[in-house]
>>> print(open('query_26.txt').read())   # compact mmCIF, C-alpha atoms and all ligand atoms
# COMPACT_ATOMS: atom_id res chain seq x y z
CA MET A 798 -5.42 3.67 62.11
CA PRO A 799 -6.44 1.40 59.21
CA THR A 800 -9.45 2.16 57.06
CA ARG A 801 -11.74 -0.70 56.23
CA ALA A 802 -11.06 -1.15 52.55
CA LYS A 803 -10.77 -4.92 52.19
CA ALA A 804 -12.39 -8.13 53.36
CA ASN A 805 -11.72 -9.30 56.90
CA PRO A 806 -12.19 -12.93 58.02
CA HIS A 807 -13.60 -11.90 61.42
CA PHE A 808 -16.06 -9.23 60.28
CA ASP A 809 -17.07 -10.66 56.90
CA GLU A 810 -16.85 -14.43 57.44
CA GLY A 811 -17.28 -14.64 61.23
CA ILE A 812 -14.05 -16.66 61.51
CA LEU A 813 -12.37 -15.92 64.84
CA VAL A 814 -10.41 -19.14 65.46
CA TRP A 815 -7.17 -19.62 63.56
CA SER A 816 -6.36 -22.88 61.80
CA ASP A 817 -2.97 -23.48 60.18
CA GLU A 818 -4.92 -24.44 57.06
CA PHE A 819 -5.55 -20.69 56.62
CA SER A 820 -1.83 -20.00 56.32
CA GLY A 821 -1.24 -18.01 53.12
CA SER A 822 -4.97 -17.13 52.68
CA TYR A 823 -5.03 -13.60 54.10
CA ALA A 824 -3.20 -10.39 53.28
CA PRO A 825 -1.38 -7.93 55.54
CA PRO A 826 -3.63 -5.08 56.77
CA GLY A 827 -1.97 -2.50 54.56
CA ASP A 828 0.91 -1.33 56.66
CA TYR A 829 1.85 -2.99 59.99
CA ALA A 830 3.85 0.09 60.93
CA ARG A 831 0.68 2.21 61.03
CA GLN A 832 -1.65 -0.25 62.71
CA PHE A 833 -0.68 0.27 66.36
CA ASP A 834 1.22 3.49 65.93
CA GLU A 835 -1.68 5.79 66.75
CA LYS A 836 -2.30 3.95 70.02
CA TRP A 837 1.32 4.22 71.17
CA ARG A 838 1.35 7.91 70.17
CA LEU A 839 -1.72 8.54 72.35
CA VAL A 840 -0.03 6.73 75.25
CA LEU A 841 3.21 8.72 74.88
CA GLU A 842 1.27 11.98 74.76
CA ASP A 843 -0.55 11.14 78.00
CA PRO A 844 2.31 10.78 80.52
CA SER A 845 0.06 11.33 83.55
CA GLY A 846 -2.64 8.91 82.33
CA GLN A 847 -5.20 11.71 82.65
CA LEU A 848 -6.72 11.00 79.22
CA GLY A 849 -7.05 7.29 79.96
CA PHE A 850 -4.39 6.13 77.51
CA ASN A 851 -1.31 5.74 79.71
CA ASP A 852 -3.28 3.66 82.15
CA GLY A 853 -3.16 -0.10 82.57
CA PRO A 854 -0.83 -3.07 82.89
CA GLY A 855 -0.04 -3.14 79.15
CA VAL A 856 1.56 0.28 79.19
CA ARG A 857 2.83 0.97 82.71
CA LEU A 858 6.62 1.02 82.99
CA ASP A 859 7.09 2.24 86.58
CA ASP A 860 9.25 0.07 88.86
CA ASP A 861 6.33 -1.43 90.81
CA SER A 862 4.51 -2.48 87.64
CA ILE A 863 7.67 -4.01 86.20
CA ASP A 864 8.37 -5.79 89.50
CA ARG A 865 4.91 -7.35 89.33
CA LEU A 866 5.60 -8.57 85.78
CA VAL A 867 8.98 -9.98 86.84
CA GLN A 868 7.21 -11.87 89.57
CA GLU A 869 4.55 -13.00 87.11
CA TRP A 870 7.20 -14.57 84.88
CA ILE A 871 9.57 -16.11 87.40
CA GLY A 872 7.15 -16.73 90.29
CA PRO A 873 7.05 -15.42 93.86
CA ALA A 874 9.64 -17.87 95.21
CA ALA A 875 12.33 -17.00 92.67
CA SER A 876 11.61 -13.28 93.06
CA ASP A 877 12.12 -13.33 96.87
CA GLY A 878 8.41 -12.89 97.54
CA ARG A 879 8.33 -9.33 96.19
CA ASN A 880 4.73 -8.08 95.87
CA ASP A 881 3.47 -11.22 97.58
CA SER A 882 -0.07 -9.89 97.83
CA ASP A 883 -0.42 -9.90 94.03
CA ALA A 884 0.79 -13.46 93.59
CA GLN A 885 -2.65 -15.00 93.95
CA ASP A 886 -3.99 -12.93 91.02
CA ALA A 887 -1.15 -13.98 88.73
CA THR A 888 -2.01 -15.36 85.31
CA LEU A 889 0.75 -17.96 85.31
CA THR A 890 0.71 -21.11 87.37
CA SER A 891 4.09 -22.34 86.05
CA HIS A 892 7.01 -20.01 85.62
CA VAL A 893 9.99 -19.05 83.50
CA ASP A 894 13.39 -20.19 84.76
CA PRO A 895 15.30 -16.87 85.11
CA SER A 896 18.53 -18.60 84.07
CA LEU A 897 17.08 -18.77 80.53
CA ILE A 898 17.48 -14.96 80.48
CA LYS A 899 20.22 -13.95 82.92
CA GLY A 900 23.47 -13.11 81.13
CA ARG A 901 22.00 -14.07 77.75
CA PRO A 902 21.05 -12.15 74.60
CA CYS A 903 17.28 -11.74 74.35
CA VAL A 904 14.83 -10.35 71.81
CA ASP A 905 11.42 -8.78 72.44
CA ILE A 906 9.45 -8.97 69.18
CA GLY A 907 6.40 -6.70 68.98
CA CYS A 908 7.72 -4.92 72.07
CA GLY A 909 5.02 -2.21 72.23
CA MET A 910 5.80 0.32 74.97
CA GLY A 911 8.51 -2.05 76.18
CA ARG A 912 7.33 -3.62 79.43
CA TRP A 913 8.76 -7.09 78.66
CA THR A 914 12.01 -5.52 77.45
CA ARG A 915 12.25 -3.91 80.92
CA VAL A 916 11.46 -7.27 82.55
CA MET A 917 14.29 -8.97 80.63
CA GLN A 918 16.66 -6.12 81.52
CA VAL A 919 15.73 -6.46 85.21
CA LEU A 920 16.28 -10.22 84.97
CA GLY A 921 19.86 -9.55 83.83
CA ALA A 922 19.74 -10.19 80.07
CA SER A 923 23.15 -9.42 78.55
CA GLU A 924 21.27 -7.42 75.88
CA VAL A 925 17.71 -7.05 74.67
CA LEU A 926 16.86 -6.21 71.07
CA SER A 927 13.41 -4.55 71.02
CA VAL A 928 11.63 -4.97 67.70
CA ASP A 929 8.33 -3.43 66.63
CA ALA A 930 6.68 -2.32 63.42
CA ALA A 931 5.32 0.86 65.00
CA ASN A 932 7.44 3.99 65.13
CA HIS A 933 6.03 5.20 68.46
CA ALA A 934 6.67 1.80 70.08
CA VAL A 935 10.32 2.06 69.08
CA GLU A 936 10.36 5.64 70.37
CA SER A 937 8.97 4.49 73.73
CA VAL A 938 11.51 1.69 74.20
CA SER A 939 14.39 3.91 73.12
CA ARG A 940 13.95 5.78 76.41
CA PHE A 941 15.54 2.83 78.26
CA ASN A 942 17.00 0.58 75.55
CA PRO A 943 19.26 1.87 72.76
CA ASN A 944 19.02 -1.52 71.07
CA VAL A 945 15.87 -1.12 68.95
CA LEU A 946 14.74 -2.15 65.49
CA GLN A 947 11.69 -1.05 63.52
CA ALA A 948 10.71 -4.12 61.47
CA ASP A 949 7.85 -6.42 60.51
CA VAL A 950 8.00 -9.78 62.30
CA VAL A 951 6.52 -11.67 59.34
CA ASP A 952 9.52 -10.97 57.09
CA LEU A 953 12.05 -10.28 59.85
CA LEU A 954 14.59 -12.81 58.65
CA ASP A 955 14.31 -11.68 55.00
CA THR A 956 15.03 -8.07 55.96
CA HIS A 957 17.49 -8.92 58.74
CA PRO A 958 19.16 -12.29 58.01
CA GLU A 959 21.87 -11.44 60.58
CA LEU A 960 19.25 -12.11 63.32
CA ALA A 961 19.00 -15.84 62.52
CA GLY A 962 19.94 -17.84 65.64
CA ARG A 963 21.20 -14.67 67.41
CA PHE A 964 19.28 -15.01 70.70
CA ALA A 965 19.01 -17.35 73.67
CA PHE A 966 15.50 -16.15 74.56
CA ALA A 967 12.72 -14.63 72.44
CA ASN A 968 9.47 -13.08 73.60
CA LEU A 969 6.43 -12.83 71.31
CA TRP A 970 3.73 -11.58 73.64
CA GLY A 971 0.38 -10.67 72.09
CA VAL A 972 1.72 -10.21 68.57
CA ALA A 973 1.25 -13.28 66.32
CA HIS A 974 -2.56 -13.21 66.61
CA HIS A 975 -2.59 -9.64 65.21
CA THR A 976 -0.97 -10.68 61.94
CA HIS A 977 -2.49 -12.01 58.71
CA ASP A 978 -0.61 -15.29 59.20
CA PRO A 979 0.06 -16.07 62.89
CA ARG A 980 1.91 -19.30 62.08
CA ALA A 981 4.23 -17.50 59.66
CA ALA A 982 4.79 -14.69 62.19
CA PHE A 983 5.68 -17.21 64.90
CA MET A 984 7.96 -19.25 62.61
CA SER A 985 9.79 -16.10 61.57
CA ALA A 986 10.28 -15.03 65.22
CA ALA A 987 11.39 -18.56 66.18
CA GLN A 988 14.25 -18.41 63.68
CA THR A 989 15.91 -15.73 65.81
CA VAL A 990 16.51 -18.32 68.58
CA ALA A 991 19.82 -20.20 68.79
CA PRO A 992 20.06 -23.95 69.40
CA GLY A 993 19.39 -24.62 73.09
CA GLY A 994 17.37 -21.40 73.39
CA ALA A 995 13.85 -20.66 74.65
CA PHE A 996 10.72 -18.88 73.41
CA TYR A 997 7.83 -17.25 75.30
CA LEU A 998 4.60 -17.19 73.28
CA MET A 999 1.38 -15.50 74.34
CA VAL A 1000 -1.65 -15.79 72.04
CA TYR A 1001 -5.37 -15.20 72.58
CA SER A 1002 -7.30 -18.39 73.23
CA PRO A 1003 -10.66 -19.40 71.74
CA GLU A 1004 -11.93 -19.90 75.31
CA GLY A 1005 -11.75 -16.16 76.07
CA LEU A 1006 -13.69 -13.02 75.17
CA HIS A 1007 -11.84 -12.52 71.89
CA ASN A 1008 -13.84 -15.39 70.44
CA SER A 1009 -17.21 -13.76 71.17
CA ASP A 1010 -19.87 -12.17 68.97
CA ARG A 1011 -19.95 -9.12 71.25
CA VAL A 1012 -16.24 -8.32 70.90
CA ASN A 1013 -16.34 -9.05 67.17
CA LEU A 1014 -19.27 -6.63 66.79
CA PHE A 1015 -17.41 -3.88 68.71
CA ARG A 1016 -14.35 -4.42 66.55
CA LYS A 1017 -16.34 -4.38 63.32
CA VAL A 1018 -18.14 -1.14 64.25
CA PHE A 1019 -14.82 0.45 65.28
CA ASN A 1020 -13.13 -0.53 62.02
CA ASP A 1021 -16.10 0.71 59.96
CA LEU A 1022 -15.71 4.20 61.46
CA GLN A 1023 -13.54 6.46 59.34
CA THR A 1024 -11.84 8.98 61.58
CA THR A 1025 -9.70 8.68 64.70
CA GLU A 1026 -12.15 11.00 66.51
CA GLU A 1027 -15.15 8.78 65.68
CA ARG A 1028 -13.24 5.71 66.77
CA LEU A 1029 -12.09 7.19 70.08
CA SER A 1030 -15.60 8.43 70.75
CA PHE A 1031 -16.91 4.89 70.13
CA VAL A 1032 -14.31 3.42 72.53
CA ARG A 1033 -15.34 5.91 75.21
CA ALA A 1034 -19.03 5.07 74.63
CA ILE A 1035 -18.30 1.36 75.18
CA HIS A 1036 -16.24 2.19 78.28
CA ARG A 1037 -19.08 4.29 79.74
CA ARG A 1038 -21.79 1.89 78.50
CA GLU A 1039 -23.44 4.75 76.64
CA TRP A 1040 -26.15 4.43 74.00
CA HIS A 1041 -24.55 4.24 70.54
CA SER A 1042 -26.42 4.36 67.24
CA ARG A 1043 -24.23 1.59 65.74
CA LEU A 1044 -25.09 -0.93 68.49
CA PRO A 1045 -28.19 -3.17 68.57
CA ILE A 1046 -31.13 -1.92 70.63
CA THR A 1047 -30.97 -4.88 73.03
CA MET A 1048 -27.34 -4.05 73.86
CA ASN A 1049 -28.13 -0.35 74.25
CA SER A 1050 -31.11 -1.10 76.52
CA LYS A 1051 -29.00 -3.35 78.75
CA ASN A 1052 -26.42 -0.58 79.01
CA VAL A 1053 -29.09 1.92 80.07
CA LEU A 1054 -30.14 -0.52 82.79
CA ARG A 1055 -26.56 -1.18 83.91
CA ASN A 1056 -25.90 2.55 84.18
CA ALA A 1057 -29.15 3.08 86.13
CA LEU A 1058 -27.91 0.37 88.52
CA ARG A 1059 -24.55 2.20 88.69
CA ARG A 1060 -22.60 -0.82 87.44
CA PRO A 1061 -18.87 -0.11 86.96
CA ARG A 1062 -17.58 1.10 83.61
CA TRP A 1063 -16.32 -1.54 81.17
CA GLY A 1064 -12.56 -2.07 81.27
CA ARG A 1065 -10.05 0.68 80.59
CA VAL A 1066 -10.03 3.01 77.59
CA ILE A 1067 -6.56 1.80 76.56
CA GLY A 1068 -7.57 -1.85 76.94
CA LEU A 1069 -10.67 -1.34 74.80
CA LEU A 1070 -8.67 0.53 72.18
CA ASP A 1071 -6.16 -2.33 72.17
CA MET A 1072 -9.03 -4.78 71.66
CA MET A 1073 -10.69 -2.92 68.79
CA LEU A 1074 -7.78 -1.49 66.84
CA PRO A 1075 -6.03 -4.47 65.19
CA TRP A 1076 -7.36 -5.58 61.82
CA TYR A 1077 -6.58 -9.18 62.73
CA ASN A 1078 -7.51 -10.54 66.14
CA TRP A 1079 -7.25 -14.32 65.86
CA THR A 1080 -7.75 -16.73 68.70
CA ILE A 1081 -5.39 -19.70 68.60
CA PRO A 1082 -6.28 -23.21 69.88
CA LEU A 1083 -3.78 -24.51 72.41
CA ASP A 1084 -2.79 -27.53 70.30
CA VAL A 1085 -2.04 -25.20 67.38
CA ALA A 1086 0.19 -22.96 69.54
CA THR A 1087 2.08 -25.90 71.08
CA GLY A 1088 2.35 -27.47 67.60
CA TRP A 1089 4.10 -24.34 66.31
CA LEU A 1090 6.69 -24.56 69.08
CA ARG A 1091 7.33 -28.25 68.39
CA ASP A 1092 7.50 -27.67 64.62
CA ALA A 1093 10.10 -24.93 65.23
CA GLY A 1094 12.28 -27.43 67.13
CA PHE A 1095 11.54 -26.64 70.79
CA GLN A 1096 11.85 -30.00 72.51
CA GLU A 1097 10.30 -28.92 75.83
CA VAL A 1098 6.91 -27.21 75.55
CA THR A 1099 5.24 -26.03 78.77
CA VAL A 1100 1.83 -24.39 79.09
CA LEU A 1101 2.43 -21.78 81.77
CA ASN A 1102 -1.20 -21.01 82.60
CA GLU A 1103 -2.65 -24.50 82.29
CA ASP A 1104 -4.35 -24.43 85.71
CA SER A 1105 -5.27 -20.76 85.71
CA PRO A 1106 -8.92 -19.68 85.55
CA ASN A 1107 -7.81 -16.81 83.31
CA ARG A 1108 -7.94 -18.42 79.86
CA VAL A 1109 -8.23 -15.29 77.72
CA ALA A 1110 -4.83 -16.28 76.39
CA HIS A 1111 -2.41 -19.19 76.20
CA HIS A 1112 1.05 -18.62 77.65
CA VAL A 1113 3.43 -21.26 76.34
CA LEU A 1114 7.17 -21.64 76.86
CA GLY A 1115 9.29 -23.59 74.41
CA SER A 1116 12.84 -24.49 75.40
CA GLU A 1117 15.81 -26.62 74.37
CA LYS A 1118 15.59 -25.72 70.71
CA THR A 1119 17.29 -28.17 68.40
CA ALA A 1120 19.99 -27.07 65.98
C1 LIG B 1201 -0.86 -5.99 71.76
S1 LIG B 1201 0.65 -5.18 71.46
C2 LIG B 1201 1.72 -6.06 72.58
C3 LIG B 1201 2.93 -5.25 72.95
C4 LIG B 1201 3.94 -5.92 73.89
N1 LIG B 1201 4.36 -7.23 73.42
C5 LIG B 1201 3.37 -6.05 75.28
O1 LIG B 1201 3.00 -7.15 75.68
O2 LIG B 1201 3.28 -5.03 75.96
C6 LIG B 1201 1.17 -5.80 69.87
C7 LIG B 1201 2.44 -5.16 69.37
O3 LIG B 1201 2.88 -5.90 68.24
C8 LIG B 1201 3.29 -4.99 67.23
N2 LIG B 1201 3.07 -5.62 65.94
C9 LIG B 1201 1.90 -6.02 65.39
N3 LIG B 1201 2.10 -6.57 64.19
C10 LIG B 1201 3.44 -6.54 63.99
C11 LIG B 1201 4.28 -6.96 62.92
N4 LIG B 1201 3.77 -7.53 61.83
N5 LIG B 1201 5.61 -6.79 63.05
C12 LIG B 1201 6.15 -6.21 64.16
N6 LIG B 1201 5.39 -5.77 65.19
C13 LIG B 1201 4.06 -5.94 65.11
C14 LIG B 1201 2.40 -3.78 67.41
O4 LIG B 1201 2.95 -2.61 66.83
C15 LIG B 1201 2.27 -3.72 68.92
O5 LIG B 1201 3.27 -2.92 69.48
>>> encode(input="query_26.txt", output="structure tokens")
Amino acid sequence: MPTRAKANPHFDEGILVWSDEFSGSYAPPGDYARQFDEKWRLVLEDPSGQLGFNDGPGVRLDDDSIDRLVQEWIGPAASDGRNDSDAQDATLTSHVDPSLIKGRPCVDIGCGMGRWTRVMQVLGASEVLSVDAANHAVESVSRFNPNVLQADVVDLLDTHPELAGRFAFANLWGVAHHTHDPRAAFMSAAQTVAPGGAFYLMVYSPEGLHNSDRVNLFRKVFNDLQTTEERLSFVRAIHRREWHSRLPITMNSKNVLRNALRRPRWGRVIGLLDMMLPWYNWTIPLDVATGWLRDAGFQEVTVLNEDSPNRVAHHVLGSEKTA
């Protein structure tokens, strides 16, 4: 996990919303390979989910969980109504045409444990290249995909020029906003797409909890702590709504009250860890995200969760890339 050695726009300047004018202003958080690696190690070492790490939609790779994600992307009609009961909770209100993936070479950039790699495999991709900076992410995906690459998305094309225009479909789900330059990260990933190809982009939106003082405070406290043990103990305290010396008294008092009223715990341990761990946690305005796709040459740009009440993130599909 990173130690807090340098300035951070969120913690030190209170800037949570990305503007392309910031491009080039911030530095990488030390080493991207280390940033998420500890989290994926904890998940891999908790196969039963008993410790609270291998628990949640971001990490589950069992067939039912993957089926739900397939349905999320392509919609209940195209997926033969599998898991119909979950359809009403889906994040997306428009869907991905499965023919963009079936029989085509795909790339999953910032693949994490590999859930979207599995989704593309299930949808019949001719191949999926799974790319991540973190060693334990690559280790996880290697269990079901031999086609893996440990690399940094921001300079992907400098280190791997052979990937330029190699793929018909690219996925960049929850990755760009964790980099020092989300526009540069996106533009780099977009170069892997061939003319005519498509791109799935998910970024946090300023309308959601990631653009809140409360989450920024949790993240700042977490990143100020020095050891993995202290950080995990802080995450568990937030999950259990326990009193914590680094939190303001008003927040602690409310937590005492909530616990006395037996209110449910907050989120999942793995979800909270995911929220606090990254050095950069930008939120991206919708017009900025759609502008990136247009600037990269995607002629069709569709917001997939436009009508959804869940606006923690923007899900945007670009297609018909120009040459
Ligand atoms: C929030 S996780 C999302 C994982 C996966 N896309 C998913 O939806 O399950 C972000 C992932 O991006 C990876 N990542 C972050 N910065 C990266 C970079 N600069 N280059 C490559 N991967 C990066 C992290 O290691 C992590 O696995």
>>> residues_around(input="query_26.txt", residues="Pro825 in chain A", least_positions_apart="3", cutoff="12 Å", atoms="all atoms listed in the file", output="tab-separated table (two decimals) with C-alpha atoms, in the frame of the given file")
chain	number	residue	atom	x	y	z
A	799	PRO	CA	-6.44	1.40	59.21
A	803	LYS	CA	-10.77	-4.92	52.19
A	804	ALA	CA	-12.39	-8.13	53.36
A	805	ASN	CA	-11.72	-9.30	56.90
A	821	GLY	CA	-1.24	-18.01	53.12
A	822	SER	CA	-4.97	-17.13	52.68
A	828	ASP	CA	0.91	-1.33	56.66
A	829	TYR	CA	1.85	-2.99	59.99
A	830	ALA	CA	3.85	0.09	60.93
A	831	ARG	CA	0.68	2.21	61.03
A	832	GLN	CA	-1.65	-0.25	62.71
A	949	ASP	CA	7.85	-6.42	60.51
A	950	VAL	CA	8.00	-9.78	62.30
A	951	VAL	CA	6.52	-11.67	59.34
A	952	ASP	CA	9.52	-10.97	57.09
A	975	HIS	CA	-2.59	-9.64	65.21
A	976	THR	CA	-0.97	-10.68	61.94
A	977	HIS	CA	-2.49	-12.01	58.71
A	978	ASP	CA	-0.61	-15.29	59.20
A	979	PRO	CA	0.06	-16.07	62.89
A	981	ALA	CA	4.23	-17.50	59.66
A	982	ALA	CA	4.79	-14.69	62.19
A	1075	PRO	CA	-6.03	-4.47	65.19
A	1076	TRP	CA	-7.36	-5.58	61.82
A	1077	TYR	CA	-6.58	-9.18	62.73
>>> axis_aligned_box(input="query_26.txt", around="ligand LIG 1201 (chain B)", padding_each_side="6 Å", output="lines of an AutoDock Vina configuration file")
center_x = 2.6
center_y = -5.1
center_z = 68.9
size_x = 19.0
size_y = 16.9
size_z = 26.1
>>> residues_near_ligand(input="query_26.txt", ligand="ligand LIG 1201 (chain B)", cutoff="9 Å", atoms="only C-alpha atoms and all ligand atoms", output="MDAnalysis selection string")
chainID A and resid 825 828:834 836:837 854:856 905:914 928:935 947:953 968:977 982 999 1071:1072 1075
>>> residues_around(input="query_26.txt", residues="Val1018 in chain A", least_positions_apart="4", cutoff="7 Å", atoms="only C-alpha atoms", output="number ranges by chain")
A: 1014, 1022, 1043
>>> residues_around(input="query_26.txt", residues="Leu1069 in chain A", least_positions_apart="3", cutoff="12 Å", atoms="all atoms listed in the file", output="MDAnalysis selection string")
chainID A and resid 836 849:850 852:853 855 1007 1012 1015:1016 1019 1028:1037 1062:1066 1072:1075
>>> closest_residue(input="query_26.txt", among="A:Gln1023, A:Asn1078, A:Thr1087, A:Asn1102", to="Ser1116 in chain A", atoms="all atoms listed in the file")
A:Thr1087
>>> atom_distance(input="query_26.txt", atom1="CA of Ala1057 in chain A", atom2="CA of Arg1038 in chain A")
10.7 Å
